[in-house]
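Report on the following structure.
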Amino acid sequence: MPDVSPSLLPLKVISPPKLKPPELSPLMAAQSLGTARETRDTLTLTPEEMESFGEVFQGDNLAVISSRLCSTLHSLENARLDIAITGGVGSGKSTFVNALRGLGDEDQGSAKTALVETSLDPTPYPHPKYPNIIIWDLPSIGSPLLQDNKYLERVPLKHYDLFLILASERFTTSHTQLASAIQAKKKHFYFIRSKIDIDIAASSQRRPSTFSEEGVLLEIRENCHIFLHAEGVVKPKVFLLSMFELGKFDFQLLVETIAQELESFKRHAFLVALPNVSQFILEKKAISMLQHVWLVATVACTLDVKPVPGVPEVACDLDLLMRSLASYRRSFGLESATLYKLAERTGGSLQAMQSEVCGPLCEVSKRQVIDLLGRAHKGTTVIFAQELASLPVLGVLASCSLSFATVYQMLRAYLDRAAKDAQKLLMQTFPKAR
Ligand SMILES: Nc1nc2c(ncn2[C@@H]2O[C@H](COP(=O)(O)OP(=O)(O)OP(=O)(O)O)[C@@H](O)[C@H]2O)c(=O)[nH]1
Ligand SMILES: [Mg+2]
């Protein structure tokens with residue numbers, strides 16, 4: 001997959017109009033996804049949204065804009081991301097690699113864990129659903145076989161976008177020396193204090209009368225910071241994790257921090273590929289996908305368009321829409337293969353998951369896309385289309401404004417529904433997930 005130079009693809013082009021995600025943000029308020037969506041009867045744009053549309057569409061003709069957006073869409077969908085997992089011997093590196101790829105230790109293609117001998121070379125593990133994302137299981141630091149500069153000879157730091165440096169007990173000078181080398185290459189790195197579940201279990205068992213989970217976490221966090229400061233690491237970013245309960249502890253904070261520091265295409269790649277371990281992750285994904293929805297709607301209505309059978313007022317690229325809907329299902333883990341694996345791992349009923357969670361969303365067919373477009377077209381899209389067409393800056397879209405409005409509304413509704421289903425699935429399998 002080609003790497004993408006952000007300088008060739010100005011941010012302005014990929015910024016979606018600031019369409020507020022009212023149906024997605026309720027997650028933060030512990031409401032369910034998509035509830036507002038069904039009751040909303042228009043896609044009216046705010047002045048800021050109008051302005052954003054204007055910025056993207058100003059100046060060029062439709063053919064130029066759509067081919068530019070098509071290449072932006074391709075870059076967004078194929079952005080390469082190399083995540084390096086490193087740390088001490090037995091600190092949980094391979095387990096973390098698997099967890100980030102949504103795999104258990106026994107799944108096919110998973111990294112081997114609890115080994116006696118560890119590899120002395122970086123091992124790439126492509127994400128099973130997104131081969132453009134590679135999680136690298138790096139050799140352990142502090143190994144007697146890789147002393148002095150041997151580690152850096154084996155591990156080309158420039159190759160990776162970011163580093164997660166693990167310690168399951170204490171950070172040591174091996175960790176901080178590696179961090180300095182990474183910093184010298186101007187790469188991002190994050191300290192992960194792993195196996196937090198063990199610390200909590202030990203503390204609750206050994207000091208039951210004074211036990212407080214918050215207290216244990218605070219103490220570990222402070223100790224990490226004290227050591228890293230003493231070693232000269234400025235503002236260390238430390239996250240407490242358990243690879244066995246990935247959605248808990250500091251995972252949310254880690255995701256938020258990494259997402260802020262990645263450039264936009266890589267950020268999107270990172271977010272959509274995350275395992276669906278918490279409501280927070282689902283929300284981050286859904287919000288990131290809004291820019292994808294908007295790009296797809298524009299490209300699908302302006303390149304390779306054909307009238308939709310049974311909905312002749314709408315012309316679009318049905319294949320692109322099918323691929324996009326399938327990609328939302330994939331990211332939210334709603335495809336049969338993922339459900340099957342989840343049922344196997346959690347001991348839940350596959351049938352219950354499929355019927356309760358997927359409903360009409362099961363597999364994506366052309367017939368289904370046509371039906372969804374028909375339904376969206378019958379809705380309120382005329383108001384939205386008129387609004388678009390009435391804007392001078394959007395004159396270029398006038399010829400396809402009804403198609404755009406229909407397709408956009410269909411994609412939004414599908415995305416909302418997929419996110420909502422993923423939330424139900426999460427609640428069904430991990431009732432305590434937040
Ligand atoms: N309780 C608990 N155990 C963990 C966690 N992460 C990993 N382990 C266990 O720790 C052991 C070592 O995990 P690995 O993932 O193999 O560690 P590693 O860093 O890859 O080990 P090497 O490659 O040998 O250096 C395994 O038995 C894991 O199941 C965690 O968060 N909590
Ligand atoms: Mg390992």
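Order determines the names: the first chain of the structure tokens is A, the second B, and so forth; residues in each chain are numbered 1 upward, and ligands are numbered 1 upward as they are shown.
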Hey, which bits of chain A sit within 10 Å of ligand 2, and for each residue what's the closest pair of atoms and how far apart in Å (one decimal), counting only C-alpha atoms and all ligand atoms, rows by chain and increasing number, as JSON lines?
{"residue": "A:Ile85", "atom": "CA", "partner": "ligand 2", "partner_atom_place_in_ligand_line": "1 (Mg)", "distance": 9.7}
{"residue": "A:Thr86", "atom": "CA", "partner": "ligand 2", "partner_atom_place_in_ligand_line": "1 (Mg)", "distance": 9.2}
{"residue": "A:Gly87", "atom": "CA", "partner": "ligand 2", "partner_atom_place_in_ligand_line": "1 (Mg)", "distance": 9.6}
{"residue": "A:Gly88", "atom": "CA", "partner": "ligand 2", "partner_atom_place_in_ligand_line": "1 (Mg)", "distance": 9.6}
{"residue": "A:Val89", "atom": "CA", "partner": "ligand 2", "partner_atom_place_in_ligand_line": "1 (Mg)", "distance": 7.6}
{"residue": "A:Gly90", "atom": "CA", "partner": "ligand 2", "partner_atom_place_in_ligand_line": "1 (Mg)", "distance": 6.6}
{"residue": "A:Ser91", "atom": "CA", "partner": "ligand 2", "partner_atom_place_in_ligand_line": "1 (Mg)", "distance": 8.2}
{"residue": "A:Gly92", "atom": "CA", "partner": "ligand 2", "partner_atom_place_in_ligand_line": "1 (Mg)", "distance": 6.8}
{"residue": "A:Lys93", "atom": "CA", "partner": "ligand 2", "partner_atom_place_in_ligand_line": "1 (Mg)", "distance": 5.4}
{"residue": "A:Ser94", "atom": "CA", "partner": "ligand 2", "partner_atom_place_in_ligand_line": "1 (Mg)", "distance": 4.2}
{"residue": "A:Thr95", "atom": "CA", "partner": "ligand 2", "partner_atom_place_in_ligand_line": "1 (Mg)", "distance": 7.3}
{"residue": "A:Phe96", "atom": "CA", "partner": "ligand 2", "partner_atom_place_in_ligand_line": "1 (Mg)", "distance": 9.2}
{"residue": "A:Val97", "atom": "CA", "partner": "ligand 2", "partner_atom_place_in_ligand_line": "1 (Mg)", "distance": 8.9}
{"residue": "A:Ala111", "atom": "CA", "partner": "ligand 2", "partner_atom_place_in_ligand_line": "1 (Mg)", "distance": 7.2}
{"residue": "A:Lys112", "atom": "CA", "partner": "ligand 2", "partner_atom_place_in_ligand_line": "1 (Mg)", "distance": 6.4}
{"residue": "A:Thr113", "atom": "CA", "partner": "ligand 2", "partner_atom_place_in_ligand_line": "1 (Mg)", "distance": 5.3}
{"residue": "A:Ala114", "atom": "CA", "partner": "ligand 2", "partner_atom_place_in_ligand_line": "1 (Mg)", "distance": 6.8}
{"residue": "A:Leu115", "atom": "CA", "partner": "ligand 2", "partner_atom_place_in_ligand_line": "1 (Mg)", "distance": 6.6}
{"residue": "A:Val116", "atom": "CA", "partner": "ligand 2", "partner_atom_place_in_ligand_line": "1 (Mg)", "distance": 9.2}
{"residue": "A:Glu117", "atom": "CA", "partner": "ligand 2", "partner_atom_place_in_ligand_line": "1 (Mg)", "distance": 8.6}
{"residue": "A:Thr118", "atom": "CA", "partner": "ligand 2", "partner_atom_place_in_ligand_line": "1 (Mg)", "distance": 5.9}
{"residue": "A:Ser119", "atom": "CA", "partner": "ligand 2", "partner_atom_place_in_ligand_line": "1 (Mg)", "distance": 7.4}
{"residue": "A:Thr123", "atom": "CA", "partner": "ligand 2", "partner_atom_place_in_ligand_line": "1 (Mg)", "distance": 9.7}
{"residue": "A:Asp137", "atom": "CA", "partner": "ligand 2", "partner_atom_place_in_ligand_line": "1 (Mg)", "distance": 6.9}
{"residue": "A:Leu138", "atom": "CA", "partner": "ligand 2", "partner_atom_place_in_ligand_line": "1 (Mg)", "distance": 8.1}
{"residue": "A:Pro139", "atom": "CA", "partner": "ligand 2", "partner_atom_place_in_ligand_line": "1 (Mg)", "distance": 7.7}
{"residue": "A:Ser140", "atom": "CA", "partner": "ligand 2", "partner_atom_place_in_ligand_line": "1 (Mg)", "distance": 7.7}
Query raised in the report: DSSP says strand (DSSP E or B) for which residues of region 126-350 of chain A? Put them as an NGL selection string?
Result: :A and (126 or 133-140 or 162-167 or 188-193 or 238-240 or 306-308 or 311-316)
Report task. Could you tell me, as a PyMOL selection string, which residues of region 219-415 of chain A DSSP assigns to helix (DSSP H, G or I) when given the backbone? Result -> chain A and resi 219-230+243-245+251-261+264-272+279-300+318-331+336-346+350-361+366-378+381-389+392-415
Query - Near-Ala343 (chain A) list (12 Å; only C-alpha atoms; drop same-chain fewer than 2 positions) as a list in words - result: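 Here the qualifying residues turn out to be Leu334, Ser336, Ala337, Thr338, Leu339, Tyr340, Lys341, Arg345, Thr346, Gly347, Gly348, Ser349, Leu350, Gln351, Ala352, Met353, Gln354, Leu425, Leu426, Gln428, Thr429 and Phe430 of chain A.
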Same residues, C-alpha atoms, saved as a tab-separated table (two decimals), in the first residue's frame:
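Saved as selection.tsv:
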chain	number	residue	atom	x	y	z
A	334	LEU	CA	-20.90	-6.99	12.38
A	336	SER	CA	-20.67	-13.08	10.08
A	337	ALA	CA	-17.05	-14.15	10.53
A	338	THR	CA	-16.48	-11.71	13.40
A	339	LEU	CA	-19.80	-12.60	15.07
A	340	TYR	CA	-18.95	-16.26	14.79
A	341	LYS	CA	-15.60	-15.70	16.49
A	345	ARG	CA	-14.94	-16.72	22.47
A	346	THR	CA	-17.69	-15.53	24.80
A	347	GLY	CA	-19.83	-18.68	24.71
A	348	GLY	CA	-22.77	-16.57	23.49
A	349	SER	CA	-25.34	-17.72	20.95
A	350	LEU	CA	-24.46	-16.83	17.37
A	351	GLN	CA	-28.11	-16.97	16.40
A	352	ALA	CA	-29.12	-14.55	19.15
A	353	MET	CA	-26.34	-12.18	18.10
A	354	GLN	CA	-27.29	-12.33	14.44
A	425	LEU	CA	-23.51	-6.35	20.64
A	426	LEU	CA	-21.02	-4.91	23.10
A	428	GLN	CA	-24.74	-8.28	25.08
A	429	THR	CA	-21.23	-9.70	25.27
A	430	PHE	CA	-19.60	-7.34	27.80
I'd like the neighbourhood of region 156-167 of chain A as a JSON list (two decimals) with N, CA and C atoms, in the first residue's frame, where a residue qualifies if any of its atoms comes within 7 Å (using only C-alpha atoms), though same-chain residues fewer than 5 positions away should be ignored.
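This went into result.json:
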[["chain", "number", "residue", "atom", "x", "y", "z"],
["A", 81, "LEU", "N", -0.15, 2.51, 8.40],
["A", 81, "LEU", "CA", 0.19, 2.83, 9.79],
["A", 81, "LEU", "C", 1.01, 1.69, 10.37],
["A", 82, "ASP", "N", 2.19, 2.02, 10.88],
["A", 82, "ASP", "CA", 3.07, 1.01, 11.49],
["A", 82, "ASP", "C", 3.19, 1.30, 12.99],
["A", 83, "ILE", "N", 2.64, 0.41, 13.78],
["A", 83, "ILE", "CA", 2.64, 0.60, 15.24],
["A", 83, "ILE", "C", 3.64, -0.39, 15.83],
["A", 84, "ALA", "N", 4.61, 0.12, 16.58],
["A", 84, "ALA", "CA", 5.63, -0.76, 17.16],
["A", 84, "ALA", "C", 5.32, -1.02, 18.63],
["A", 85, "ILE", "N", 5.32, -2.31, 19.00],
["A", 85, "ILE", "CA", 5.12, -2.67, 20.41],
["A", 85, "ILE", "C", 6.45, -3.20, 20.94],
["A", 86, "THR", "N", 6.96, -2.52, 21.95],
["A", 86, "THR", "CA", 8.23, -2.97, 22.51],
["A", 86, "THR", "C", 8.13, -2.98, 24.04],
["A", 87, "GLY", "N", 9.21, -3.43, 24.70],
["A", 87, "GLY", "CA", 9.17, -3.48, 26.16],
["A", 87, "GLY", "C", 9.99, -4.64, 26.69],
["A", 88, "GLY", "N", 9.92, -4.81, 28.00],
["A", 88, "GLY", "CA", 10.73, -5.83, 28.66],
["A", 88, "GLY", "C", 10.28, -7.26, 28.33],
["A", 91, "SER", "N", 6.62, -8.78, 29.12],
["A", 91, "SER", "CA", 5.78, -7.67, 29.61],
["A", 91, "SER", "C", 4.38, -7.66, 29.00],
["A", 93, "LYS", "N", 3.93, -7.93, 25.38],
["A", 93, "LYS", "CA", 3.97, -7.34, 24.03],
["A", 93, "LYS", "C", 3.12, -8.12, 23.02],
["A", 182, "ILE", "N", 14.13, 7.10, 20.34],
["A", 182, "ILE", "CA", 12.92, 7.33, 19.55],
["A", 182, "ILE", "C", 12.67, 8.83, 19.44],
["A", 185, "LYS", "N", 14.54, 10.64, 16.92],
["A", 185, "LYS", "CA", 14.01, 10.46, 15.54],
["A", 185, "LYS", "C", 12.70, 11.21, 15.36],
["A", 187, "LYS", "N", 9.81, 10.76, 16.76],
["A", 187, "LYS", "CA", 8.65, 9.88, 16.66],
["A", 187, "LYS", "C", 7.89, 9.91, 17.99],
["A", 188, "HIS", "N", 6.62, 9.54, 17.94],
["A", 188, "HIS", "CA", 5.82, 9.51, 19.16],
["A", 188, "HIS", "C", 6.02, 8.20, 19.91],
["A", 189, "PHE", "N", 6.07, 8.30, 21.24],
["A", 189, "PHE", "CA", 6.16, 7.08, 22.05],
["A", 189, "PHE", "C", 5.31, 7.24, 23.30],
["A", 190, "TYR", "N", 4.83, 6.10, 23.79],
["A", 190, "TYR", "CA", 3.91, 6.09, 24.93],
["A", 190, "TYR", "C", 4.35, 4.96, 25.85],
["A", 191, "PHE", "N", 4.46, 5.26, 27.14],
["A", 191, "PHE", "CA", 4.83, 4.23, 28.10],
["A", 191, "PHE", "C", 3.56, 3.50, 28.56],
["A", 192, "ILE", "N", 3.61, 2.18, 28.49],
["A", 192, "ILE", "CA", 2.46, 1.38, 28.92],
["A", 192, "ILE", "C", 2.88, 0.54, 30.11],
["A", 193, "ARG", "N", 2.23, 0.79, 31.24],
["A", 193, "ARG", "CA", 2.44, -0.09, 32.40],
["A", 193, "ARG", "C", 1.37, -1.18, 32.29],
["A", 194, "SER", "N", 1.83, -2.40, 31.95],
["A", 194, "SER", "CA", 0.88, -3.48, 31.63],
["A", 194, "SER", "C", 0.55, -4.35, 32.85]]
Report task. Compare A:Glu245, A:Leu76, A:Lys237, A:Trp136 by their minimum atom-to-atom distance to His292 (chain A), counting only C-alpha atoms, and give me the closest one. Result -> A:Leu76
Query raised in the report: Smallest atom-to-atom distance to ligand 1: which of A:Phe384, A:Phe244, A:Phe239, A:Phe171, using only C-alpha atoms and all ligand atoms?
Result: A:Phe244
